[in-house]
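Asks: Encoded as structure tokens, here's the structure I'll be asking about.
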There are 2 protein chains.
Amino acid sequence: MLLYQRICNYIHQLINDNKIKATTKLPSERTLQEQFKSTRITVREALFRLESEGLIYSQKRKGWFITPAKLKLKPASKVNFNKLAVEQGFVPKTRVISILNDIDDSFQNQEKNIFTGESLYHLKRVRLLDERPVMIEDIYCQQSRFENLERKALSESITHIMATDYNVQINSEQCVICVTVLSNEDSDILEKNSGAPCLKIIRKRFDEHGLLVDYNYEYWLHDAIEMLVEGT
Amino acid sequence: MLLYQRICNYIHQLINDNKIKATTKLPSERTLQEQFKSTRITVREALFRLESEGLIYSQKRKGWFITPAKLKLKPASKVNFNKLAVEQGFVPKTRVISILNDIDDSFQNQEKNIFTGESLYHLKRVRLLDERPVMIEDIYCQQSRFENLERKALSESITHIMATDYNVQINSEQCVICVTVLSNEDSDILEKNSGAPCLKIIRKRFDEHGLLVDYNYEYWLHDAIEMLVEGT
DNA sequence: CAGTGGTCTAGACCACGAT
DNA sequence: TCGTGGTCTAGACCACTGG
């Protein structure tokens, strides 16, 4: 059996035997290297595989930790992040990173003919579960429709703010979901290396007239989320 | 700028400038190493990041290739894989790997109280798009309900076989979707290294009486699929 | 059989985190 | 300040692919 596989198995064992609990730190890479009389390259090979598996995760320059349970999410339902998290036994938190007025370039390039030529709000937030940052959210909506949005309590539910302060109701939504990697900026916020894999959910939400209300990008750590979809 | 980032950018450029087309081979690792006066470790660091990004993919011991377009899939719709692929301009293919009668151990462990104690068919197939293997499918259904299933044309649509040969109609389904890695067996079939990341779709399908008809695991190469979900 | 990717060794320096 | 993870060098051997 390959050496990195033996290291993988060893850590699998540690977790199965409950010798290490969720979010606690693994032995350092150099400790493992010594333990297996190997090199850091090989140790890291094993760690990266376990990370892909979702068993452990790294935080930039802090170390490797055991992955906690995943949040179960129905991507096309209007369920509130906070409520969902609490229901599943997590302590959720939301932090506002920024709210900008100009149109993001990447946004313009990637999606044409959406709010074309209009001034937009761009709200960037980070979501945490039990103090672990797990998701970046970029929300784009029309400035003209949501005047003074920057003065609202933006760490609360945007859907709720839209309903109560602007009388705008979300009626339907479309999601596109794929696997990709975090941008440099977002990986910093999530305390990950750049290039960390993530699940990207692009979400368009519409009001009862079929008008586009907002346009969101969500970037989830791949090991923090599980999606449920029902169909007929 | 970091060296592996320069290598990433270089390959990004190659693809953007259309100097390399989808499914063609990249220069060998040693060629790139020489070109950037670096080492294979660093070159491979860059290649793995591009792979996570979905820009390139590797086939075991064959090399690195440019990733073609993704298949767009509505996970909870009953649309046939072949039809979907053709609609999107792919040439689809399905190969039967095996059909077994005993109950798979992993299946038993992972999912309790599904078809408990019953004899099952376990059909394993691989799906290809334009000759590239992109998905492994494990289908479990009751032997008693689908007698002599092994004699049918199993590279065709199972839904269709169930409807025409057994008068069983699929009425609804539930999916669970998460990111994980391929097993050793499956990664061989998909010509990937073990530990390759993938999108796993667990799919339960029910008939019009709400009875479970079959239970599927799909393992998609993460760069081969994009999912569309609509909700109200 | 030559060249490729997969695995592995034995080091090094740096930036950043924890203390 | 010390230890950590992030990046990088300069090699090696093996199994397998493709010609």
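Simple scheme: letters A, B, ... for chains in structure tokens order, numbers from 1 for residues in each chain, numbers from 1 for ligands in the order shown.
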Taking only C-alpha atoms (C1' of nucleotides) into account, which residues of chain B are within 8 Å of chain D, as number ranges by chain?

Replies: B: 38-39, 42, 61-62

Asks: If you keep all heavy atoms, can you produce a file of those selected residues as a short mmCIF file (atom, residue, chain, number, x, y, z; two decimals), in the first residue's frame?

Replies:
```cif
data_model
loop_
_atom_site.label_atom_id
_atom_site.label_comp_id
_atom_site.auth_asym_id
_atom_site.auth_seq_id
_atom_site.Cartn_x
_atom_site.Cartn_y
_atom_site.Cartn_z
N SER B 38 11.79 25.26 -13.64
CA SER B 38 11.27 24.95 -12.31
C SER B 38 11.37 23.45 -12.05
O SER B 38 12.21 22.78 -12.67
CB SER B 38 9.82 25.43 -12.23
OG SER B 38 9.26 25.10 -11.00
N THR B 39 10.56 22.95 -11.19
CA THR B 39 10.57 21.52 -10.86
C THR B 39 9.18 20.93 -11.11
O THR B 39 8.20 21.65 -11.20
CB THR B 39 10.93 21.30 -9.39
OG1 THR B 39 9.98 22.01 -8.59
CG2 THR B 39 12.32 21.79 -9.09
N THR B 42 6.35 21.87 -8.60
CA THR B 42 5.72 23.18 -8.80
C THR B 42 4.80 23.16 -10.01
O THR B 42 3.68 23.69 -9.97
CB THR B 42 6.80 24.26 -8.96
OG1 THR B 42 7.63 24.23 -7.80
CG2 THR B 42 6.19 25.63 -9.09
N ARG B 61 -2.06 8.55 -16.08
CA ARG B 61 -0.83 8.22 -16.83
C ARG B 61 -0.91 8.59 -18.31
O ARG B 61 -0.05 8.20 -19.09
CB ARG B 61 -0.49 6.73 -16.71
CG ARG B 61 -0.11 6.34 -15.29
CD ARG B 61 0.41 4.93 -15.21
NE ARG B 61 0.60 4.56 -13.82
CZ ARG B 61 1.63 4.96 -13.08
NH1 ARG B 61 2.57 5.69 -13.62
NH2 ARG B 61 1.70 4.60 -11.81
N LYS B 62 -1.94 9.30 -18.70
CA LYS B 62 -2.05 9.69 -20.11
C LYS B 62 -1.67 11.14 -20.31
O LYS B 62 -1.13 11.49 -21.36
CB LYS B 62 -3.46 9.44 -20.62
CG LYS B 62 -3.77 7.96 -20.80
CD LYS B 62 -5.12 7.76 -21.43
CE LYS B 62 -5.44 6.27 -21.53
NZ LYS B 62 -6.83 6.02 -21.92
#
```

Asks: Can you pull out every residue within 9 Å of Leu154 of chain B, counting only C-alpha atoms (C1' of nucleotides), but drop anything in the same chain fewer than 5 positions away, and send it as a VMD selection string?

Replies: chain B and resid 94 to 96 123 125 149 161

Asks: Using only all heavy atoms, please write the residues we just selected to a file, as a PDB file, in the first residue's frame.

Replies:
```
ATOM      1  N   THR B  94     -23.157   4.857 -23.178  1.00  0.00           N
ATOM      2  CA  THR B  94     -23.308   4.216 -21.883  1.00  0.00           C
ATOM      3  C   THR B  94     -22.716   2.823 -21.963  1.00  0.00           C
ATOM      4  O   THR B  94     -22.993   2.094 -22.920  1.00  0.00           O
ATOM      5  CB  THR B  94     -24.796   4.114 -21.486  1.00  0.00           C
ATOM      6  OG1 THR B  94     -25.371   5.416 -21.493  1.00  0.00           O
ATOM      7  CG2 THR B  94     -24.947   3.489 -20.109  1.00  0.00           C
ATOM      8  N   ARG B  95     -21.877   2.470 -20.998  1.00  0.00           N
ATOM      9  CA  ARG B  95     -21.323   1.116 -20.954  1.00  0.00           C
ATOM     10  C   ARG B  95     -21.723   0.456 -19.648  1.00  0.00           C
ATOM     11  O   ARG B  95     -21.605   1.067 -18.578  1.00  0.00           O
ATOM     12  CB  ARG B  95     -19.799   1.150 -21.028  1.00  0.00           C
ATOM     13  CG  ARG B  95     -19.289   1.422 -22.399  1.00  0.00           C
ATOM     14  CD  ARG B  95     -17.832   1.018 -22.561  1.00  0.00           C
ATOM     15  NE  ARG B  95     -17.304   1.712 -23.732  1.00  0.00           N
ATOM     16  CZ  ARG B  95     -16.318   2.611 -23.712  1.00  0.00           C
ATOM     17  NH1 ARG B  95     -15.712   2.871 -22.568  1.00  0.00           N
ATOM     18  NH2 ARG B  95     -15.937   3.196 -24.812  1.00  0.00           N
ATOM     19  N   VAL B  96     -22.170  -0.776 -19.749  1.00  0.00           N
ATOM     20  CA  VAL B  96     -22.478  -1.540 -18.547  1.00  0.00           C
ATOM     21  C   VAL B  96     -21.176  -2.104 -17.997  1.00  0.00           C
ATOM     22  O   VAL B  96     -20.412  -2.735 -18.730  1.00  0.00           O
ATOM     23  CB  VAL B  96     -23.465  -2.678 -18.858  1.00  0.00           C
ATOM     24  CG1 VAL B  96     -23.688  -3.543 -17.628  1.00  0.00           C
ATOM     25  CG2 VAL B  96     -24.775  -2.108 -19.372  1.00  0.00           C
ATOM     26  N   LEU B 123     -26.732  -2.557 -10.604  1.00  0.00           N
ATOM     27  CA  LEU B 123     -26.250  -2.292 -11.960  1.00  0.00           C
ATOM     28  C   LEU B 123     -25.260  -1.143 -11.913  1.00  0.00           C
ATOM     29  O   LEU B 123     -25.557  -0.074 -11.381  1.00  0.00           O
ATOM     30  CB  LEU B 123     -27.435  -1.916 -12.862  1.00  0.00           C
ATOM     31  CG  LEU B 123     -27.109  -1.406 -14.273  1.00  0.00           C
ATOM     32  CD1 LEU B 123     -26.352  -2.458 -15.077  1.00  0.00           C
ATOM     33  CD2 LEU B 123     -28.398  -1.004 -14.991  1.00  0.00           C
ATOM     34  N   ARG B 125     -22.887   1.269 -14.255  1.00  0.00           N
ATOM     35  CA  ARG B 125     -22.647   1.719 -15.633  1.00  0.00           C
ATOM     36  C   ARG B 125     -21.718   2.924 -15.628  1.00  0.00           C
ATOM     37  O   ARG B 125     -21.541   3.592 -14.614  1.00  0.00           O
ATOM     38  CB  ARG B 125     -23.965   2.127 -16.302  1.00  0.00           C
ATOM     39  CG  ARG B 125     -25.049   1.083 -16.176  1.00  0.00           C
ATOM     40  CD  ARG B 125     -26.219   1.356 -17.091  1.00  0.00           C
ATOM     41  NE  ARG B 125     -26.993   2.524 -16.736  1.00  0.00           N
ATOM     42  CZ  ARG B 125     -28.123   2.893 -17.348  1.00  0.00           C
ATOM     43  NH1 ARG B 125     -28.594   2.155 -18.358  1.00  0.00           N
ATOM     44  NH2 ARG B 125     -28.786   3.965 -16.975  1.00  0.00           N
ATOM     45  N   LEU B 149     -33.918  -8.759 -15.148  1.00  0.00           N
ATOM     46  CA  LEU B 149     -33.418  -7.449 -15.589  1.00  0.00           C
ATOM     47  C   LEU B 149     -32.091  -7.591 -16.329  1.00  0.00           C
ATOM     48  O   LEU B 149     -31.812  -6.855 -17.281  1.00  0.00           O
ATOM     49  CB  LEU B 149     -33.255  -6.516 -14.374  1.00  0.00           C
ATOM     50  CG  LEU B 149     -32.799  -5.095 -14.670  1.00  0.00           C
ATOM     51  CD1 LEU B 149     -33.852  -4.347 -15.488  1.00  0.00           C
ATOM     52  CD2 LEU B 149     -32.511  -4.322 -13.382  1.00  0.00           C
ATOM     53  N   ILE B 161     -36.944   1.014 -19.686  1.00  0.00           N
ATOM     54  CA  ILE B 161     -37.097  -0.435 -19.494  1.00  0.00           C
ATOM     55  C   ILE B 161     -38.130  -0.712 -18.411  1.00  0.00           C
ATOM     56  O   ILE B 161     -38.990  -1.581 -18.545  1.00  0.00           O
ATOM     57  CB  ILE B 161     -35.736  -1.069 -19.113  1.00  0.00           C
ATOM     58  CG1 ILE B 161     -34.786  -1.003 -20.308  1.00  0.00           C
ATOM     59  CG2 ILE B 161     -35.927  -2.501 -18.636  1.00  0.00           C
ATOM     60  CD1 ILE B 161     -33.358  -1.420 -19.963  1.00  0.00           C
TER      61      ILE B 161
END
```

Asks: Quick one: distance from atom CA of Lys70 of chain A to atom CA of Lys200 of chain B in Å, one decimal?

Replies: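 Computing the Euclidean distance for atom CA of Lys70 of chain A and atom CA of Lys200 of chain B yields 14.4 Å.
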
Asks: If you run DSSP over the backbone, which residues in segment 12-173 of chain A end up alpha helix (DSSP H)? Put them as an NGL selection string.

Replies: :A and (12-16 or 29-35 or 40-53 or 81-87 or 105-110 or 158-166)

Asks: Using only C-alpha atoms (C1' of nucleotides), I'd like every residue of chain A that has an atom within 12 Å of chain C; please write them out as a ChimeraX atom specification.

Replies: /A:1-5,33,37-43,45-46,59-63

Asks: The selected residues should be written to file as a compact mmCIF listing (two decimals), in the first residue's frame (atoms: C-alpha atoms).

Replies:
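Listed below is the output, result.txt:
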```txt
# COMPACT_ATOMS: atom_id res chain seq x y z
CA MET A 1 0.00 0.00 0.00
CA LEU A 2 1.15 3.49 -0.82
CA LEU A 3 2.57 5.63 1.93
CA TYR A 4 0.10 8.48 1.56
CA GLN A 5 -2.72 5.96 1.72
CA GLN A 33 6.22 13.39 8.73
CA LYS A 37 9.37 8.59 8.64
CA SER A 38 8.43 10.36 5.47
CA THR A 39 8.56 13.85 3.95
CA ARG A 40 6.25 16.79 4.08
CA ILE A 41 5.36 16.45 0.41
CA THR A 42 3.95 12.99 1.04
CA VAL A 43 2.20 14.00 4.24
CA GLU A 45 -0.45 14.60 -0.42
CA ALA A 46 -2.43 12.61 2.13
CA GLN A 59 -7.27 27.19 7.43
CA LYS A 60 -4.54 29.33 5.97
CA ARG A 61 -1.36 28.96 8.01
CA LYS A 62 -3.35 27.77 10.99
CA GLY A 63 -3.41 24.07 10.38
```

Asks: Just need the residues of chain B within 10 Å of chain A, counting only C-alpha atoms, so spit them out as a PyMOL selection string.

Replies: chain B and resi 41+46+48-55+70+72-78+170-182+194-206+221-232

Asks: Quick one: pick out all strand (DSSP E) residues within segment 11-226 of chain A from a backbone DSSP run and write them as a PyMOL selection string.

Replies: chain A and resi 56-59+63-66+71-73+92-100+120-129+132-142+172-181+197-206+212-221+225-226

Asks: Output C-alpha atoms for every residue in that selection, as a tab-separated table (two decimals), in the first residue's frame.

Replies:
```tsv
chain	number	residue	atom	x	y	z
A	56	ILE	CA	-10.57	17.50	7.15
A	57	TYR	CA	-10.11	21.13	6.16
A	58	SER	CA	-7.27	23.59	6.33
A	59	GLN	CA	-7.27	27.19	7.43
A	63	GLY	CA	-3.41	24.07	10.38
A	64	TRP	CA	-5.66	21.14	9.61
A	65	PHE	CA	-8.92	20.47	11.39
A	66	ILE	CA	-11.62	17.85	11.46
A	71	LEU	CA	-25.43	22.08	6.43
A	72	LYS	CA	-28.31	20.55	4.52
A	73	LEU	CA	-29.72	23.03	2.05
A	92	PRO	CA	-24.99	30.91	12.42
A	93	LYS	CA	-23.47	34.32	11.94
A	94	THR	CA	-23.36	36.80	9.07
A	95	ARG	CA	-20.76	39.50	8.53
A	96	VAL	CA	-21.02	42.28	6.01
A	97	ILE	CA	-17.78	42.65	4.07
A	98	SER	CA	-18.75	45.59	1.91
A	99	ILE	CA	-21.59	47.33	0.12
A	100	LEU	CA	-20.60	49.10	-3.07
A	120	LEU	CA	-26.41	48.38	-8.75
A	121	TYR	CA	-25.80	47.65	-5.15
A	122	HIS	CA	-23.17	45.00	-4.61
A	123	LEU	CA	-23.39	43.54	-1.12
A	124	LYS	CA	-20.69	41.11	-0.08
A	125	ARG	CA	-21.19	39.06	3.07
A	126	VAL	CA	-19.63	36.04	4.73
A	127	ARG	CA	-21.63	33.35	6.49
A	128	LEU	CA	-20.29	31.42	9.47
A	129	LEU	CA	-21.39	28.21	11.14
A	132	ARG	CA	-16.24	28.72	10.92
A	133	PRO	CA	-16.53	30.85	7.78
A	134	VAL	CA	-18.19	28.63	5.19
A	135	MET	CA	-19.76	30.81	2.51
A	136	ILE	CA	-19.25	34.04	0.59
A	137	GLU	CA	-22.26	35.76	-0.84
A	138	ASP	CA	-22.31	38.47	-3.50
A	139	ILE	CA	-25.72	40.08	-3.91
A	140	TYR	CA	-26.51	42.42	-6.78
A	141	CYS	CA	-29.73	44.45	-6.92
A	142	GLN	CA	-30.95	47.70	-8.40
A	172	SER	CA	-39.54	32.26	-7.72
A	173	GLU	CA	-35.88	31.61	-8.36
A	174	GLN	CA	-33.47	29.86	-10.68
A	175	CYS	CA	-30.18	28.35	-9.57
A	176	VAL	CA	-27.13	27.20	-11.46
A	177	ILE	CA	-24.76	25.06	-9.42
A	178	CYS	CA	-21.25	23.98	-10.25
A	179	VAL	CA	-17.91	23.15	-8.67
A	180	THR	CA	-15.15	25.74	-9.03
A	181	VAL	CA	-12.44	27.44	-6.95
A	197	PRO	CA	-12.45	24.12	-4.32
A	198	CYS	CA	-15.97	25.33	-3.64
A	199	LEU	CA	-19.54	24.90	-4.68
A	200	LYS	CA	-20.84	27.91	-6.57
A	201	ILE	CA	-24.54	28.66	-6.59
A	202	ILE	CA	-25.71	31.37	-8.96
A	203	ARG	CA	-29.17	32.42	-7.94
A	204	LYS	CA	-31.60	34.67	-9.78
A	205	ARG	CA	-34.68	35.69	-7.84
A	206	PHE	CA	-37.89	37.07	-9.30
A	212	LEU	CA	-35.62	40.09	-11.63
A	213	VAL	CA	-35.18	41.25	-8.02
A	214	ASP	CA	-31.62	40.25	-7.28
A	215	TYR	CA	-28.77	38.21	-8.56
A	216	ASN	CA	-26.57	36.32	-6.13
A	217	TYR	CA	-23.37	34.35	-6.21
A	218	GLU	CA	-22.80	32.00	-3.31
A	219	TYR	CA	-19.45	30.27	-2.81
A	220	TRP	CA	-19.66	27.42	-0.31
A	221	LEU	CA	-16.74	25.48	1.08
A	225	ILE	CA	-22.84	21.90	2.39
A	226	GLU	CA	-25.11	19.15	1.16
```

Asks: In Å, rounded to a single decimal, give me how far atom CA of Asp188 of chain B is from atom CA of Phe81 of chain B.

Replies: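 Distance reported for this atom pair: 22.0 Å.
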
Asks: Have a look at atom CA of Asn184 of chain B and atom CA of Ala85 of chain B and let me know their distance in Å, one decimal.

Replies: 26.7 Å
